[in-house]
Amino acid sequence: MSLARDMELLRQVPLLSEFPDEQLRLLAFSAENVTYRDGEVLFSAGERADAGLVVASGAITLELEDGSAKPVTFGPGSLVGETALLVETRRPARAVACGASEVIRIRRALFKRMLQEFPDIARRLFDVRAAEFRNTVGALSRVGNVLEQIDRESAELRESLRREAPED
């Protein structure tokens with residue numbers, strides 16, 4: 001894959017979209033391109049996660065090994081394992097190549113080094129994550145309010161039914 005194509009793919013990833021061209025070029029140059037055959041396992045659930053994978057071609061499916069949730073498939077321009085770029089963690093699911101697939105593997109150590117050497121990028125990422133966190137907290141607060149209302153109404157209904165029930 002060419003450096004220009006890798007940069008364009010990386011630019012599609014929301015986490016990386018704010019990177020200036022110079023830093024994006026450095027990231028693309030330093031990352032590793034890996035090819036997988038159809039059905040090949042990229043990683044298994046529970047493995048140590050030390051990199052994020054940007055799908056360059058083909059598709060990658062994440063599946064829980066116990067089958068308790070529907071598999072999710074990611075196509076070109078998708079980042080699989082974003083959390084692994086930011087913190088030490090374990091893979092929550094198994095990843096399998098759907099057809100011949102290629103990924104750009106970005107090691108956490110490389111990503112952390114980029115953030116250390118270019119603090120303006122780190123600040124932008126922090127600001128984006130903080131905004132996402134605030135939005136999530138706001139959404140959860142609204143859900144909590146609805147659940148509290150349902151709980152109050154259920155308690156009122158139970159009390160009403162208890163009062164109306166004939167005494168034995």
# chains A, B, ... in the order shown; residues from 1 in each chain; ligands from 1
$ residues_around --residues "Gly77 in chain A" --least-positions-apart "6" --cutoff "8 Å" --atoms "only C-alpha atoms" --output "list of chain:residue names"
A:Leu9, A:Leu10, A:Gln12, A:Val13, A:Val54, A:Val55, A:Ala56
$ write_last_selection --atoms "C-alpha atoms" --output "tab-separated table (two decimals), in the first residue's frame"
chain	number	residue	atom	x	y	z
A	9	LEU	CA	-7.38	5.80	5.23
A	10	LEU	CA	-6.04	7.05	8.56
A	12	GLN	CA	-11.07	8.70	7.73
A	13	VAL	CA	-10.72	7.48	11.32
A	54	VAL	CA	-7.40	0.37	10.76
A	55	VAL	CA	-9.15	-1.71	8.12
A	56	ALA	CA	-7.53	-0.88	4.77
$ residues_around --residues "range 36-45 of chain A" --least-positions-apart "5" --cutoff "9 Å" --atoms "only C-alpha atoms" --output "PyMOL selection string"
chain A and resi 60+63-65+90-103
$ write_last_selection --atoms "all heavy atoms" --output "short mmCIF file (atom, residue, chain, number, x, y, z; two decimals), in the first residue's frame"
data_model
loop_
_atom_site.label_atom_id
_atom_site.label_comp_id
_atom_site.auth_asym_id
_atom_site.auth_seq_id
_atom_site.Cartn_x
_atom_site.Cartn_y
_atom_site.Cartn_z
N ILE A 60 -13.34 -6.86 8.74
CA ILE A 60 -13.00 -7.57 9.97
C ILE A 60 -14.27 -7.70 10.80
O ILE A 60 -14.98 -6.71 11.02
CB ILE A 60 -11.93 -6.80 10.79
CG1 ILE A 60 -10.68 -6.52 9.94
CG2 ILE A 60 -11.59 -7.55 12.07
CD1 ILE A 60 -9.97 -7.74 9.41
N GLU A 63 -16.50 -10.93 17.07
CA GLU A 63 -17.53 -11.83 17.59
C GLU A 63 -17.16 -12.28 18.99
O GLU A 63 -16.00 -12.56 19.28
CB GLU A 63 -17.70 -13.03 16.65
CG GLU A 63 -16.41 -13.71 16.26
CD GLU A 63 -16.54 -14.70 15.12
OE1 GLU A 63 -17.26 -14.42 14.15
OE2 GLU A 63 -15.90 -15.75 15.22
N LEU A 64 -18.17 -12.34 19.85
CA LEU A 64 -17.96 -12.87 21.18
C LEU A 64 -17.86 -14.38 21.05
O LEU A 64 -18.65 -15.00 20.34
CB LEU A 64 -19.11 -12.48 22.11
CG LEU A 64 -19.23 -10.98 22.40
CD1 LEU A 64 -20.43 -10.71 23.29
CD2 LEU A 64 -17.96 -10.45 23.05
N GLU A 65 -16.90 -14.96 21.72
CA GLU A 65 -16.66 -16.39 21.56
C GLU A 65 -17.78 -17.24 22.11
O GLU A 65 -17.97 -18.37 21.69
CB GLU A 65 -15.29 -16.75 22.15
CG GLU A 65 -14.18 -16.13 21.30
CD GLU A 65 -12.78 -16.41 21.81
OE1 GLU A 65 -12.62 -16.92 22.93
OE2 GLU A 65 -11.84 -16.10 21.06
N ARG A 90 -7.34 -5.70 27.50
CA ARG A 90 -7.46 -7.03 26.88
C ARG A 90 -8.52 -6.95 25.78
O ARG A 90 -9.45 -6.15 25.85
CB ARG A 90 -7.88 -8.08 27.91
CG ARG A 90 -6.89 -8.22 29.04
CD ARG A 90 -6.14 -9.49 28.90
NE ARG A 90 -5.07 -9.59 29.86
CZ ARG A 90 -3.90 -10.09 29.56
NH1 ARG A 90 -3.66 -10.55 28.36
NH2 ARG A 90 -2.95 -10.17 30.45
N ARG A 91 -8.40 -7.80 24.79
CA ARG A 91 -9.37 -7.83 23.69
C ARG A 91 -10.69 -8.40 24.21
O ARG A 91 -10.72 -9.47 24.81
CB ARG A 91 -8.87 -8.70 22.53
CG ARG A 91 -7.56 -8.24 21.92
CD ARG A 91 -7.73 -6.98 21.14
NE ARG A 91 -6.46 -6.64 20.47
CZ ARG A 91 -6.26 -5.52 19.84
NH1 ARG A 91 -7.20 -4.61 19.77
NH2 ARG A 91 -5.10 -5.28 19.24
N PRO A 92 -11.81 -7.70 23.99
CA PRO A 92 -13.10 -8.18 24.48
C PRO A 92 -13.74 -9.22 23.57
O PRO A 92 -14.70 -9.88 23.97
CB PRO A 92 -13.95 -6.91 24.53
CG PRO A 92 -13.36 -6.04 23.46
CD PRO A 92 -11.89 -6.35 23.44
N ALA A 93 -13.24 -9.35 22.35
CA ALA A 93 -13.86 -10.25 21.38
C ALA A 93 -12.80 -10.81 20.44
O ALA A 93 -11.66 -10.36 20.45
CB ALA A 93 -14.92 -9.49 20.56
N ARG A 94 -13.21 -11.77 19.66
CA ARG A 94 -12.33 -12.35 18.64
C ARG A 94 -12.54 -11.58 17.34
O ARG A 94 -13.66 -11.22 17.00
CB ARG A 94 -12.66 -13.82 18.45
CG ARG A 94 -11.79 -14.50 17.39
CD ARG A 94 -12.02 -15.96 17.39
NE ARG A 94 -13.36 -16.24 16.89
CZ ARG A 94 -13.75 -17.43 16.50
NH1 ARG A 94 -12.93 -18.45 16.55
NH2 ARG A 94 -14.97 -17.62 16.05
N ALA A 95 -11.44 -11.32 16.61
CA ALA A 95 -11.53 -10.64 15.31
C ALA A 95 -11.13 -11.62 14.22
O ALA A 95 -10.12 -12.31 14.32
CB ALA A 95 -10.59 -9.43 15.29
N VAL A 96 -11.97 -11.68 13.18
CA VAL A 96 -11.76 -12.62 12.08
C VAL A 96 -11.85 -11.85 10.76
O VAL A 96 -12.73 -11.01 10.58
CB VAL A 96 -12.84 -13.74 12.10
CG1 VAL A 96 -12.64 -14.72 10.96
CG2 VAL A 96 -12.83 -14.46 13.45
N ALA A 97 -10.93 -12.16 9.84
CA ALA A 97 -10.95 -11.53 8.52
C ALA A 97 -12.11 -12.09 7.69
O ALA A 97 -12.32 -13.30 7.65
CB ALA A 97 -9.63 -11.78 7.80
N CYS A 98 -12.85 -11.20 7.05
CA CYS A 98 -13.93 -11.59 6.12
C CYS A 98 -13.39 -11.37 4.72
O CYS A 98 -13.32 -10.23 4.26
CB CYS A 98 -15.16 -10.72 6.33
SG CYS A 98 -15.89 -10.93 7.94
N GLY A 99 -12.98 -12.42 4.08
CA GLY A 99 -12.33 -12.29 2.78
C GLY A 99 -10.90 -11.85 3.00
O GLY A 99 -10.44 -11.64 4.13
N ALA A 100 -10.15 -11.73 1.91
CA ALA A 100 -8.79 -11.22 2.00
C ALA A 100 -8.87 -9.80 2.55
O ALA A 100 -9.63 -8.98 2.04
CB ALA A 100 -8.12 -11.25 0.64
N SER A 101 -8.12 -9.53 3.59
CA SER A 101 -8.20 -8.23 4.26
C SER A 101 -6.81 -7.71 4.59
O SER A 101 -5.89 -8.48 4.82
CB SER A 101 -9.01 -8.34 5.56
OG SER A 101 -10.32 -8.81 5.30
N GLU A 102 -6.72 -6.39 4.63
CA GLU A 102 -5.47 -5.75 5.01
C GLU A 102 -5.77 -4.71 6.06
O GLU A 102 -6.79 -4.00 5.97
CB GLU A 102 -4.79 -5.10 3.81
CG GLU A 102 -3.42 -4.55 4.13
CD GLU A 102 -2.70 -4.02 2.90
OE1 GLU A 102 -3.27 -4.06 1.80
OE2 GLU A 102 -1.56 -3.56 3.06
N VAL A 103 -4.92 -4.63 7.07
CA VAL A 103 -5.08 -3.63 8.13
C VAL A 103 -3.79 -2.86 8.30
O VAL A 103 -2.71 -3.34 7.97
CB VAL A 103 -5.50 -4.27 9.48
CG1 VAL A 103 -6.81 -5.01 9.36
CG2 VAL A 103 -4.41 -5.16 10.04
#
$ select_by_dssp --residues "range 60-159 of chain A" --states "alpha helix (DSSP H)" --output "ChimeraX atom specification"
/A:82-86,108-117,119-159
$ atom_distance --atom1 "CA of Asp66 in chain A" --atom2 "CA of Leu140 in chain A"
28.2 Å
$ closest_atom_pairs --of "range 107-155 of chain A" --to "range 21-25 of chain A" --cutoff "10 Å" --atoms "only C-alpha atoms" --output "tab-separated table"
residue	atom	partner	partner_atom	distance
A:Met114	CA	A:Gln23	CA	7.7
A:Leu115	CA	A:Gln23	CA	10.0
A:Glu117	CA	A:Gln23	CA	9.9
A:Phe118	CA	A:Gln23	CA	8.3
A:Ile121	CA	A:Gln23	CA	9.1
$ atom_distance --atom1 "CA of Leu16 in chain A" --atom2 "CA of Arg124 in chain A"
10.2 Å
$ select_by_dssp --residues "range 8-151 of chain A" --states "strand (DSSP E or B)" --output "PyMOL selection string"
chain A and resi 32-36+41-43+48-49+51-63+72-74+79-80+89-90+94-107
$ closest_residue --among "A:Gly46, A:Pro76, A:Pro166, A:Gly52" --to "Glu8 in chain A" --atoms "only C-alpha atoms"
A:Pro76
